[in-house]
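Novice: Sharing query-v2.csv, CSV, C-alpha atoms and all ligand atoms:
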```
chain,number,residue,atom,x,y,z
P,1,MET,CA,0.0,0.0,0.0
P,2,SER,CA,1.2,3.5,-0.7
P,3,GLU,CA,2.3,5.8,2.1
P,4,PRO,CA,-0.7,7.5,3.9
P,5,VAL,CA,-1.2,11.2,3.2
P,6,LEU,CA,-1.8,11.8,6.9
P,7,GLU,CA,-0.7,9.9,9.9
P,8,ALA,CA,-1.2,10.9,13.5
P,9,ALA,CA,0.4,8.9,16.3
P,10,GLY,CA,-0.3,9.0,20.1
P,11,LEU,CA,-2.1,12.3,20.0
P,12,ARG,CA,-2.9,13.5,23.5
P,13,LYS,CA,-4.4,16.8,24.8
P,14,VAL,CA,-4.5,17.7,28.4
P,15,TYR,CA,-6.2,20.9,29.7
P,16,PRO,CA,-5.5,22.3,33.1
P,17,THR,CA,-8.7,22.8,35.1
P,18,ARG,CA,-9.6,25.5,37.7
P,19,ALA,CA,-9.8,22.8,40.4
P,20,GLY,CA,-6.1,22.1,39.7
P,21,ALA,CA,-6.5,18.6,38.3
P,22,ASP,CA,-5.6,18.1,34.7
P,23,PHE,CA,-8.4,17.0,32.2
P,24,THR,CA,-7.4,14.7,29.4
P,25,ALA,CA,-9.6,15.6,26.4
P,26,VAL,CA,-7.8,13.3,24.0
P,27,ASP,CA,-5.6,10.3,24.9
P,28,GLN,CA,-3.4,8.1,22.6
P,29,VAL,CA,-5.3,8.7,19.4
P,30,SER,CA,-3.7,7.5,16.3
P,31,LEU,CA,-5.1,7.5,12.7
P,32,THR,CA,-4.1,7.2,9.1
P,33,LEU,CA,-5.6,8.7,6.0
P,34,GLU,CA,-4.9,7.5,2.4
P,35,LYS,CA,-5.0,9.7,-0.7
P,36,GLY,CA,-8.6,10.3,-1.8
P,37,GLU,CA,-10.0,8.6,1.3
P,38,THR,CA,-12.4,9.8,3.9
P,39,LEU,CA,-12.0,8.9,7.6
P,40,GLY,CA,-15.2,9.6,9.6
P,41,ILE,CA,-14.9,10.4,13.3
P,42,VAL,CA,-18.0,9.8,15.4
P,43,GLY,CA,-18.7,9.9,19.1
P,44,GLU,CA,-20.9,11.7,21.5
P,45,SER,CA,-20.5,15.4,22.3
P,46,GLY,CA,-17.3,16.0,24.3
P,47,SER,CA,-15.6,12.8,23.1
P,48,GLY,CA,-12.7,14.7,21.7
P,49,LYS,CA,-13.4,14.8,17.9
P,50,THR,CA,-12.8,18.5,17.3
P,51,THR,CA,-9.8,18.4,19.6
P,52,VAL,CA,-8.3,15.6,17.4
P,53,ALA,CA,-9.1,17.5,14.2
P,54,LYS,CA,-7.6,20.8,15.5
P,55,MET,CA,-4.4,19.1,16.6
P,56,VAL,CA,-4.1,17.4,13.3
P,57,ALA,CA,-4.7,20.7,11.5
P,58,GLY,CA,-2.1,22.5,13.7
P,59,MET,CA,-4.8,24.8,15.1
P,60,ILE,CA,-4.1,23.9,18.7
P,61,PRO,CA,-0.8,22.5,20.2
P,62,VAL,CA,-0.6,18.9,21.2
P,63,THR,CA,0.4,17.8,24.7
P,64,SER,CA,2.1,14.9,23.1
P,65,GLY,CA,2.0,12.8,19.9
P,66,GLU,CA,2.9,13.7,16.3
P,67,THR,CA,1.4,14.2,12.9
P,68,ARG,CA,3.0,13.3,9.6
P,69,LEU,CA,2.0,14.6,6.3
P,70,SER,CA,3.2,12.6,3.3
P,71,GLY,CA,5.8,11.0,5.6
P,72,LYS,CA,7.1,14.2,6.9
P,73,THR,CA,6.8,14.9,10.6
P,74,LEU,CA,5.1,18.3,11.2
P,75,ALA,CA,6.4,20.8,13.7
P,76,ALA,CA,4.6,20.4,17.1
P,77,SER,CA,4.0,24.2,17.1
P,78,GLY,CA,4.6,26.9,14.5
P,79,ARG,CA,4.0,24.9,11.3
P,80,SER,CA,5.5,26.1,8.1
P,81,LYS,CA,3.4,28.0,5.5
P,82,ALA,CA,3.6,25.0,3.2
P,83,ASP,CA,2.4,22.6,5.9
P,84,LYS,CA,-0.5,24.9,6.8
P,85,ARG,CA,-1.5,25.1,3.2
P,86,ASP,CA,-1.6,21.4,2.8
P,87,ILE,CA,-4.2,20.8,5.6
P,88,GLN,CA,-7.3,23.0,5.3
P,89,TYR,CA,-10.3,23.2,7.6
P,90,ILE,CA,-14.0,23.5,6.9
P,91,PHE,CA,-16.1,24.7,9.8
P,92,GLN,CA,-19.4,23.8,11.2
P,93,ASP,CA,-21.0,27.3,11.1
P,94,PRO,CA,-20.7,28.3,7.4
P,95,VAL,CA,-21.9,31.9,7.9
P,96,SER,CA,-19.7,32.9,10.9
P,97,SER,CA,-16.7,31.1,9.4
P,98,LEU,CA,-16.6,33.7,6.6
P,99,ASN,CA,-15.5,37.3,7.2
P,100,PRO,CA,-18.8,39.4,6.9
P,101,ARG,CA,-16.9,42.4,5.6
P,102,MET,CA,-15.3,40.5,2.6
P,103,LYS,CA,-16.9,39.8,-0.7
P,104,VAL,CA,-17.0,36.2,-1.8
P,105,ARG,CA,-14.3,36.9,-4.4
P,106,ASP,CA,-11.9,38.2,-1.8
P,107,ILE,CA,-12.6,35.4,0.7
P,108,ILE,CA,-11.6,32.8,-2.0
P,109,ALA,CA,-8.7,34.9,-3.2
P,110,GLU,CA,-7.2,35.1,0.3
P,111,PRO,CA,-5.5,31.7,0.3
P,112,LEU,CA,-4.5,32.2,-3.4
P,113,LYS,CA,-2.6,35.4,-2.4
P,114,LEU,CA,-1.2,33.8,0.7
P,115,TYR,CA,0.2,30.6,-0.8
P,116,PHE,CA,0.8,31.2,-4.5
P,117,LYS,CA,2.5,33.8,-6.5
P,118,LEU,CA,-0.2,34.8,-9.0
P,119,SER,CA,-1.1,37.9,-10.9
P,120,PRO,CA,-4.4,39.7,-10.2
P,121,LYS,CA,-5.7,38.3,-13.5
P,122,GLU,CA,-4.6,34.7,-12.6
P,123,ILE,CA,-6.3,35.1,-9.2
P,124,ASP,CA,-9.5,36.3,-10.8
P,125,ALA,CA,-9.5,33.3,-13.2
P,126,ARG,CA,-8.9,30.9,-10.3
P,127,VAL,CA,-11.7,32.4,-8.2
P,128,ASP,CA,-14.0,31.8,-11.2
P,129,THR,CA,-12.9,28.2,-11.6
P,130,LEU,CA,-13.3,27.6,-7.9
P,131,LEU,CA,-16.8,29.1,-7.9
P,132,GLY,CA,-17.6,26.7,-10.8
P,133,ASP,CA,-16.1,23.8,-8.9
P,134,VAL,CA,-18.4,24.4,-5.9
P,135,GLY,CA,-21.5,25.1,-8.1
P,136,LEU,CA,-21.9,28.8,-7.4
P,137,PRO,CA,-22.8,31.3,-10.1
P,138,LEU,CA,-20.0,33.7,-11.1
P,139,GLU,CA,-22.0,36.7,-10.2
P,140,TYR,CA,-21.8,35.7,-6.6
P,141,ARG,CA,-18.2,36.8,-6.5
P,142,LEU,CA,-19.4,40.3,-5.6
P,143,ARG,CA,-21.8,39.3,-2.8
P,144,TYR,CA,-21.2,39.4,0.9
P,145,PRO,CA,-21.7,36.3,3.1
P,146,LYS,CA,-24.9,37.8,4.6
P,147,GLU,CA,-26.4,37.8,1.0
P,148,LEU,CA,-26.0,34.1,0.8
P,149,SER,CA,-27.9,31.1,2.3
P,150,GLY,CA,-26.1,28.8,4.7
P,151,GLY,CA,-25.5,26.2,2.0
P,152,GLN,CA,-24.1,28.8,-0.3
P,153,CYS,CA,-21.8,30.1,2.5
P,154,GLN,CA,-20.6,26.5,3.0
P,155,ARG,CA,-19.8,26.3,-0.7
P,156,VAL,CA,-17.7,29.4,-0.3
P,157,GLY,CA,-16.0,27.8,2.7
P,158,ILE,CA,-15.2,24.7,0.5
P,159,ALA,CA,-13.9,26.9,-2.3
P,160,ARG,CA,-11.7,28.7,0.1
P,161,ALA,CA,-10.3,25.4,1.4
P,162,LEU,CA,-9.8,24.1,-2.2
P,163,ALA,CA,-8.0,27.3,-3.2
P,164,ALA,CA,-5.0,26.3,-1.1
P,165,GLU,CA,-4.8,23.0,-3.1
P,166,PRO,CA,-4.5,20.9,0.1
P,167,SER,CA,-3.9,17.2,0.3
P,168,VAL,CA,-6.2,17.0,3.4
P,169,ILE,CA,-9.4,18.9,4.3
P,170,VAL,CA,-10.6,18.5,7.9
P,171,CYS,CA,-14.4,18.8,7.7
P,172,ASP,CA,-15.7,19.6,11.2
P,173,GLU,CA,-19.5,19.0,11.1
P,174,PRO,CA,-19.7,20.9,7.8
P,175,THR,CA,-23.4,20.0,7.2
P,176,SER,CA,-24.9,20.0,10.7
P,177,ALA,CA,-26.1,23.6,10.6
P,178,LEU,CA,-27.9,22.9,7.3
P,179,ASP,CA,-31.3,21.4,6.6
P,180,MET,CA,-31.5,17.9,5.2
P,181,THR,CA,-31.8,18.7,1.5
P,182,ILE,CA,-28.9,21.2,1.5
P,183,GLN,CA,-26.9,18.8,3.7
P,184,SER,CA,-27.1,16.0,1.1
P,185,GLN,CA,-26.2,18.5,-1.7
P,186,ILE,CA,-23.1,19.5,0.2
P,187,LEU,CA,-22.1,15.9,0.8
P,188,GLU,CA,-22.5,15.1,-2.9
P,189,LEU,CA,-20.4,18.1,-3.7
P,190,LEU,CA,-17.6,17.0,-1.3
P,191,LYS,CA,-17.7,13.5,-2.8
P,192,ASP,CA,-17.5,14.8,-6.4
P,193,LEU,CA,-14.6,17.1,-5.4
P,194,GLN,CA,-12.8,14.1,-3.8
P,195,ARG,CA,-13.2,12.1,-7.0
P,196,SER,CA,-12.0,14.9,-9.2
P,197,LYS,CA,-9.2,16.2,-7.1
P,198,GLY,CA,-8.1,13.2,-5.0
P,199,VAL,CA,-8.3,15.2,-1.8
P,200,SER,CA,-8.6,13.3,1.5
P,201,TYR,CA,-11.1,14.2,4.2
P,202,LEU,CA,-11.0,13.8,8.0
P,203,PHE,CA,-14.7,14.1,8.5
P,204,ILE,CA,-16.4,14.8,11.9
P,205,ALA,CA,-20.1,14.5,12.3
P,206,HIS,CA,-22.7,13.7,14.9
P,207,GLY,CA,-25.1,12.3,12.3
P,208,LEU,CA,-24.4,8.7,11.6
P,209,GLU,CA,-26.2,8.9,8.3
P,210,VAL,CA,-23.8,11.6,7.2
P,211,ILE,CA,-20.8,9.5,8.3
P,212,TYR,CA,-22.2,6.4,6.6
P,213,SER,CA,-22.7,8.3,3.3
P,214,ILE,CA,-19.3,9.9,3.0
P,215,SER,CA,-16.7,7.8,4.9
P,216,HIS,CA,-14.6,4.9,3.6
P,217,ARG,CA,-13.5,4.2,7.2
P,218,VAL,CA,-14.9,5.2,10.5
P,219,MET,CA,-13.2,5.9,13.9
P,220,VAL,CA,-15.4,5.8,17.0
P,221,MET,CA,-14.4,8.0,20.0
P,222,LYS,CA,-15.5,7.9,23.6
P,223,GLU,CA,-14.1,10.0,26.4
P,224,GLY,CA,-11.0,11.1,24.4
P,225,LYS,CA,-10.1,7.6,23.2
P,226,VAL,CA,-10.7,5.5,20.1
P,227,VAL,CA,-12.9,2.6,21.0
P,228,GLU,CA,-13.2,1.1,17.5
P,229,GLU,CA,-12.0,1.8,14.0
P,230,GLY,CA,-12.7,0.0,10.7
P,231,GLU,CA,-14.3,-0.1,7.3
P,232,THR,CA,-17.6,1.8,7.2
P,233,ALA,CA,-19.7,-1.3,6.4
P,234,ASP,CA,-18.1,-3.2,9.2
P,235,ILE,CA,-18.7,-0.5,11.8
P,236,PHE,CA,-22.3,-0.1,10.8
P,237,HIS,CA,-23.2,-3.8,10.2
P,238,ARG,CA,-20.9,-5.6,12.5
P,239,PRO,CA,-20.0,-3.1,15.4
P,240,GLN,CA,-17.8,-4.9,17.9
P,241,HIS,CA,-17.5,-2.5,20.8
P,242,PRO,CA,-20.6,-2.1,23.0
P,243,TYR,CA,-20.4,1.7,22.7
P,244,THR,CA,-20.5,1.4,18.9
P,245,GLN,CA,-23.3,-1.1,19.1
P,246,SER,CA,-25.3,1.4,21.2
P,247,LEU,CA,-24.6,4.3,18.8
P,248,ILE,CA,-25.7,2.2,15.8
P,249,GLY,CA,-28.7,0.8,17.8
P,250,ALA,CA,-29.8,4.4,18.5
P,251,ILE,CA,-30.3,5.2,14.8
P,252,PRO,CA,-34.1,5.6,14.3
P,253,ARG,CA,-35.6,2.5,12.8
P,254,ILE,CA,-37.1,4.3,9.9
P,255,GLN,CA,-33.6,5.2,8.7
P,256,ILE,CA,-32.1,1.7,8.9
P,257,PRO,CA,-33.0,0.6,5.4
P,258,GLN,CA,-30.6,3.1,3.9
P,259,PHE,CA,-27.7,1.2,5.5
P,260,ASP,CA,-28.5,-2.0,3.6
P,301,LIG,N1,-9.9,25.0,25.5
P,301,LIG,C1,-10.4,24.0,26.3
P,301,LIG,N2,-10.2,24.0,27.6
P,301,LIG,C2,-10.6,23.0,28.4
P,301,LIG,N3,-11.3,22.0,28.0
P,301,LIG,C3,-11.6,21.9,26.7
P,301,LIG,C4,-11.2,22.9,25.8
P,301,LIG,N4,-11.6,22.6,24.5
P,301,LIG,C5,-12.3,21.4,24.7
P,301,LIG,N5,-12.3,21.0,25.9
P,301,LIG,C6,-12.9,19.8,26.5
P,301,LIG,O1,-12.4,18.7,25.8
P,301,LIG,C7,-13.4,17.7,25.6
P,301,LIG,C8,-13.5,17.3,24.1
P,301,LIG,O2,-14.0,18.5,23.4
P,301,LIG,P1,-14.2,18.4,21.8
P,301,LIG,O3,-14.7,19.7,21.4
P,301,LIG,O4,-13.0,17.9,21.2
P,301,LIG,O5,-15.4,17.3,21.8
P,301,LIG,P2,-16.3,16.9,20.5
P,301,LIG,O6,-16.3,15.4,20.5
P,301,LIG,O7,-15.8,17.6,19.3
P,301,LIG,O8,-17.7,17.5,21.0
P,301,LIG,P3,-18.8,18.1,20.1
P,301,LIG,O9,-19.4,17.0,19.3
P,301,LIG,O10,-19.8,18.6,21.1
P,301,LIG,O11,-18.2,19.2,19.3
P,301,LIG,C9,-14.7,18.3,26.1
P,301,LIG,O12,-14.9,17.8,27.4
P,301,LIG,C10,-14.4,19.8,26.2
P,301,LIG,O13,-15.2,20.4,27.2
```
Reformat the file's structure so that it appears as structure tokens.
Ligand SMILES: Nc1ncnc2c1ncn2[C@@H]1O[C@H](COP(=O)(O)OP(=O)(O)OP(=O)(O)O)[C@@H](O)[C@H]1O

Specialist:
Amino acid sequence: MSEPVLEAAGLRKVYPTRAGADFTAVDQVSLTLEKGETLGIVGESGSGKTTVAKMVAGMIPVTSGETRLSGKTLAASGRSKADKRDIQYIFQDPVSSLNPRMKVRDIIAEPLKLYFKLSPKEIDARVDTLLGDVGLPLEYRLRYPKELSGGQCQRVGIARALAAEPSVIVCDEPTSALDMTIQSQILELLKDLQRSKGVSYLFIAHGLEVIYSISHRVMVMKEGKVVEEGETADIFHRPQHPYTQSLIGAIPRIQIPQFD
């Protein structure tokens, strides 16, 4: 098998508490992600999913553990510009994740200016291509985020992430603020983009249907630890750990047929 795009080993995050005792939010979490693959992370609220994602993306420092990108160990703090470019993040709240004072064109152009040496004309052309990639009309380039729907804002967030041409995009509950129809359109868009660009996703979601629909493999977290990890079909049809069994068992009956 080829070298994973992303590997994290022994990630641990400890927060000090007011009471003086340390709180371990994430403990000994390891994961791998292949090119063009999606690893879903599930687990109840507070199980450490976002903390793992932010450590992998270099947004918060690790207490211990390391992350490797295409075989190269990333600096524990102060990542290089190139390493930051290569792991992008899509946020849960599509509207507040965009600067309200910037036009769509400028939001998407920001990473282009930061990471690549391009002329204004080349930047304009790339912005247009990216708008097309995420299914937004070109005239939206002059709109502000407040003039867009939640789903359209998330498309802009996806275009901004893609602008950096990353190997990995961390998707932190990217559809949970959207209604069901828009949610499935965004999931289809992410799948299409993965097929066309070969990007890998670390995908966090509460909704197991979302995880089922997009993930090749699934990692189940509980209280900061990984309790089970495997192929999506195995996790959903043959969960081994009692916690995974209870998560899968809690899916409303009416939705079960879509897992067959
Ligand atoms: N900056 C912080 N200081 C102290 N504790 C924190 C901090 N950030 C997160 N935590 C704690 O770490 C644990 C894991 O949080 P995290 O946000 O990673 O969980 P999660 O699984 O993503 O939850 P959710 O699904 O609700 O987003 C929680 O108990 C949380 O309260």

Novice: Please produce, as JSON lines, a per-residue contact table for chain P versus ligand LIG 301 (chain P) (criterion: any atom at most 7 Å away, only C-alpha atoms and all ligand atoms considered), showing the nearest atom pair and its distance in Å to one decimal, sorted by chain then residue number.

Specialist:
```
{"residue": "P:Tyr15", "atom": "CA", "partner": "P:LIG301", "partner_atom": "C2", "distance": 5.0}
{"residue": "P:Pro16", "atom": "CA", "partner": "P:LIG301", "partner_atom": "C2", "distance": 7.0}
{"residue": "P:Thr17", "atom": "CA", "partner": "P:LIG301", "partner_atom": "C2", "distance": 7.0}
{"residue": "P:Ala25", "atom": "CA", "partner": "P:LIG301", "partner_atom": "O1", "distance": 4.2}
{"residue": "P:Val26", "atom": "CA", "partner": "P:LIG301", "partner_atom": "C8", "distance": 7.0}
{"residue": "P:Gly43", "atom": "CA", "partner": "P:LIG301", "partner_atom": "O6", "distance": 6.2}
{"residue": "P:Glu44", "atom": "CA", "partner": "P:LIG301", "partner_atom": "O9", "distance": 5.9}
{"residue": "P:Ser45", "atom": "CA", "partner": "P:LIG301", "partner_atom": "O10", "distance": 3.5}
{"residue": "P:Gly46", "atom": "CA", "partner": "P:LIG301", "partner_atom": "O5", "distance": 3.4}
{"residue": "P:Ser47", "atom": "CA", "partner": "P:LIG301", "partner_atom": "O6", "distance": 3.7}
{"residue": "P:Gly48", "atom": "CA", "partner": "P:LIG301", "partner_atom": "O4", "distance": 3.3}
{"residue": "P:Lys49", "atom": "CA", "partner": "P:LIG301", "partner_atom": "O6", "distance": 3.9}
{"residue": "P:Thr50", "atom": "CA", "partner": "P:LIG301", "partner_atom": "O7", "distance": 3.7}
{"residue": "P:Thr51", "atom": "CA", "partner": "P:LIG301", "partner_atom": "O4", "distance": 3.6}
{"residue": "P:Val52", "atom": "CA", "partner": "P:LIG301", "partner_atom": "O4", "distance": 6.5}
{"residue": "P:His206", "atom": "CA", "partner": "P:LIG301", "partner_atom": "O9", "distance": 6.4}
{"residue": "P:Gly224", "atom": "CA", "partner": "P:LIG301", "partner_atom": "C8", "distance": 6.7}
```

Novice: Which of these residues is nearest to Glu231 in chain P, using only C-alpha atoms: P:Ser2, P:Ser215, P:Ser176, P:Thr244?

Specialist: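 Result for the nearest residue to Glu231 in chain P: P:Ser215.
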
Novice: Could I get the residues of range 126-224 of chain P with an atom no further than 10 Å from an atom of range 108-113 of chain P, each paired with its nearest atom pair and that distance in Å to one decimal, using all atoms listed in the file, sorted by chain and residue number, as a Markdown table?

Specialist:
```
| residue | atom | partner | partner_atom | distance |
| --- | --- | --- | --- | --- |
| P:Arg126 | CA | P:Ala109 | CA | 8.2 |
| P:Val127 | CA | P:Ile108 | CA | 6.2 |
| P:Asp128 | CA | P:Ile108 | CA | 9.6 |
| P:Leu130 | CA | P:Ile108 | CA | 8.0 |
| P:Leu131 | CA | P:Ile108 | CA | 8.7 |
| P:Arg141 | CA | P:Ile108 | CA | 8.9 |
| P:Val156 | CA | P:Ile108 | CA | 7.2 |
| P:Gly157 | CA | P:Ile108 | CA | 8.2 |
| P:Ile158 | CA | P:Ile108 | CA | 9.2 |
| P:Ala159 | CA | P:Ile108 | CA | 6.3 |
| P:Arg160 | CA | P:Ile108 | CA | 4.6 |
| P:Ala161 | CA | P:Pro111 | CA | 8.0 |
| P:Leu162 | CA | P:Ile108 | CA | 8.9 |
| P:Ala163 | CA | P:Leu112 | CA | 6.0 |
| P:Ala164 | CA | P:Pro111 | CA | 5.6 |
| P:Glu165 | CA | P:Leu112 | CA | 9.2 |
```

Novice: Using only C-alpha atoms, please write the residues we just selected to a file, as a PDB file, keeping the file's coordinate frame.

Specialist:
```
ATOM      1  CA  ARG P 126      -8.900  30.900 -10.300  1.00  0.00           C
ATOM      2  CA  VAL P 127     -11.700  32.400  -8.200  1.00  0.00           C
ATOM      3  CA  ASP P 128     -14.000  31.800 -11.200  1.00  0.00           C
ATOM      4  CA  LEU P 130     -13.300  27.600  -7.900  1.00  0.00           C
ATOM      5  CA  LEU P 131     -16.800  29.100  -7.900  1.00  0.00           C
ATOM      6  CA  ARG P 141     -18.200  36.800  -6.500  1.00  0.00           C
ATOM      7  CA  VAL P 156     -17.700  29.400  -0.300  1.00  0.00           C
ATOM      8  CA  GLY P 157     -16.000  27.800   2.700  1.00  0.00           C
ATOM      9  CA  ILE P 158     -15.200  24.700   0.500  1.00  0.00           C
ATOM     10  CA  ALA P 159     -13.900  26.900  -2.300  1.00  0.00           C
ATOM     11  CA  ARG P 160     -11.700  28.700   0.100  1.00  0.00           C
ATOM     12  CA  ALA P 161     -10.300  25.400   1.400  1.00  0.00           C
ATOM     13  CA  LEU P 162      -9.800  24.100  -2.200  1.00  0.00           C
ATOM     14  CA  ALA P 163      -8.000  27.300  -3.200  1.00  0.00           C
ATOM     15  CA  ALA P 164      -5.000  26.300  -1.100  1.00  0.00           C
ATOM     16  CA  GLU P 165      -4.800  23.000  -3.100  1.00  0.00           C
TER      17      GLU P 165
END
```

Novice: For the atom pair CA of Leu208 in chain P and CA of Ile169 in chain P, what is the interatomic distance in Å to one decimal place?

Specialist: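 According to the coordinates, CA of Leu208 in chain P and CA of Ile169 in chain P are separated by 19.6 Å.
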
Novice: In Å to one decimal, how far is CA of Ala82 in chain P from CA of Leu138 in chain P?

Specialist: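 A separation of 28.9 Å between them.
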
Novice: So which residues fall inside 10 Å of (-21.2, 33.1, 9.8) if we count only C-alpha atoms? Mind giving them as a compact mmCIF listing (two decimals) with C-alpha atoms, in the frame of the given file?

Specialist:
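out_2.txt, written as the output of this step:
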```txt
# COMPACT_ATOMS: atom_id res chain seq x y z
CA PHE P 91 -16.10 24.70 9.80
CA GLN P 92 -19.40 23.80 11.20
CA ASP P 93 -21.00 27.30 11.10
CA PRO P 94 -20.70 28.30 7.40
CA VAL P 95 -21.90 31.90 7.90
CA SER P 96 -19.70 32.90 10.90
CA SER P 97 -16.70 31.10 9.40
CA LEU P 98 -16.60 33.70 6.60
CA ASN P 99 -15.50 37.30 7.20
CA PRO P 100 -18.80 39.40 6.90
CA PRO P 145 -21.70 36.30 3.10
CA LYS P 146 -24.90 37.80 4.60
CA GLY P 150 -26.10 28.80 4.70
CA CYS P 153 -21.80 30.10 2.50
CA GLN P 154 -20.60 26.50 3.00
```

Novice: Give me, as an mmCIF file with C-alpha atoms, in the coordinates of the input, all polymer residues having an atom no more than 6 Å from range 59-63 of chain P, counting all atoms listed in the file and skipping those fewer than 5 positions away in the same chain.

Specialist:
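Result file is result-v3.cif:
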```
data_model
loop_
_atom_site.group_PDB
_atom_site.id
_atom_site.type_symbol
_atom_site.label_atom_id
_atom_site.label_comp_id
_atom_site.auth_asym_id
_atom_site.auth_seq_id
_atom_site.Cartn_x
_atom_site.Cartn_y
_atom_site.Cartn_z
ATOM 1 C CA ARG P 12 -2.900 13.500 23.500
ATOM 2 C CA LYS P 13 -4.400 16.800 24.800
ATOM 3 C CA LYS P 54 -7.600 20.800 15.500
ATOM 4 C CA SER P 77 4.000 24.200 17.100
#
```

Novice: Which residue gives the smallest distance to Thr73 in chain P among P:Leu39, P:Pro137, P:Asp27, P:Glu7, with all atoms listed in the file counted?

Specialist: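 Answer, going by the shortest atom-to-atom distance: P:Glu7.
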
Novice: Extract, using only C-alpha atoms, all DNA, RNA and protein residues at most 12 Å from Leu189 in chain P, discarding same-chain residues fewer than 5 positions from it, and format them as a list in words.

Specialist: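 My list of contacting residues is Gly132, Asp133, Val134, Gly135, Leu136, Gly151, Gln152, Gln154, Arg155, Ile158, Ala159, Pro174, Thr175, Ile182, Gln183, Ser184, Gln194, Arg195, Ser196, Lys197 and Ile214 of chain P.
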
Novice: Counting only C-alpha atoms, which of P:Glu122, P:Glu188, P:Glu34, P:Asp172 gets nearest to Gln88 in chain P?

Specialist: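 Going through P:Glu122, P:Glu188, P:Glu34, P:Asp172 one by one, the smallest distance to Gln88 in chain P is for P:Asp172.
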
Novice: Point out the residue among P:Leu6, P:Val42, P:Leu190, P:Ile235 with the least atom-to-atom distance to Met221 in chain P, counting all atoms listed in the file.

Specialist: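 Closest to Met221 in chain P of all the choices is P:Val42.
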
Novice: Hey, which of P:Pro242, P:Pro4, P:Pro166, P:Gly207 ends up closest to Leu69 in chain P? Count all atoms listed in the file.

Specialist: P:Pro4

Novice: Please measure the separation of CA of Gly78 in chain P and CA of Lys222 in chain P, giving the value in Å to one decimal.

Specialist: 29.1 Å

Novice: Given the choices P:Ala8, P:Ala125, P:Ile107, P:Val14, which gets closest to Leu74 in chain P if the distance is worked out from all atoms listed in the file?

Specialist: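 Counting all atoms listed in the file, the residue closest to Leu74 in chain P is P:Ala8.
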
Novice: Box time for range 101-115 of chain P: axis-aligned, enclosing all its listed atoms, 5 Å extra on each side; report centre and edge lengths in Å to one decimal, as JSON.

Specialist:
```
{"center_x": -8.4, "center_y": 36.5, "center_z": 0.6, "size_x": 27.2, "size_y": 21.8, "size_z": 20.0}
```
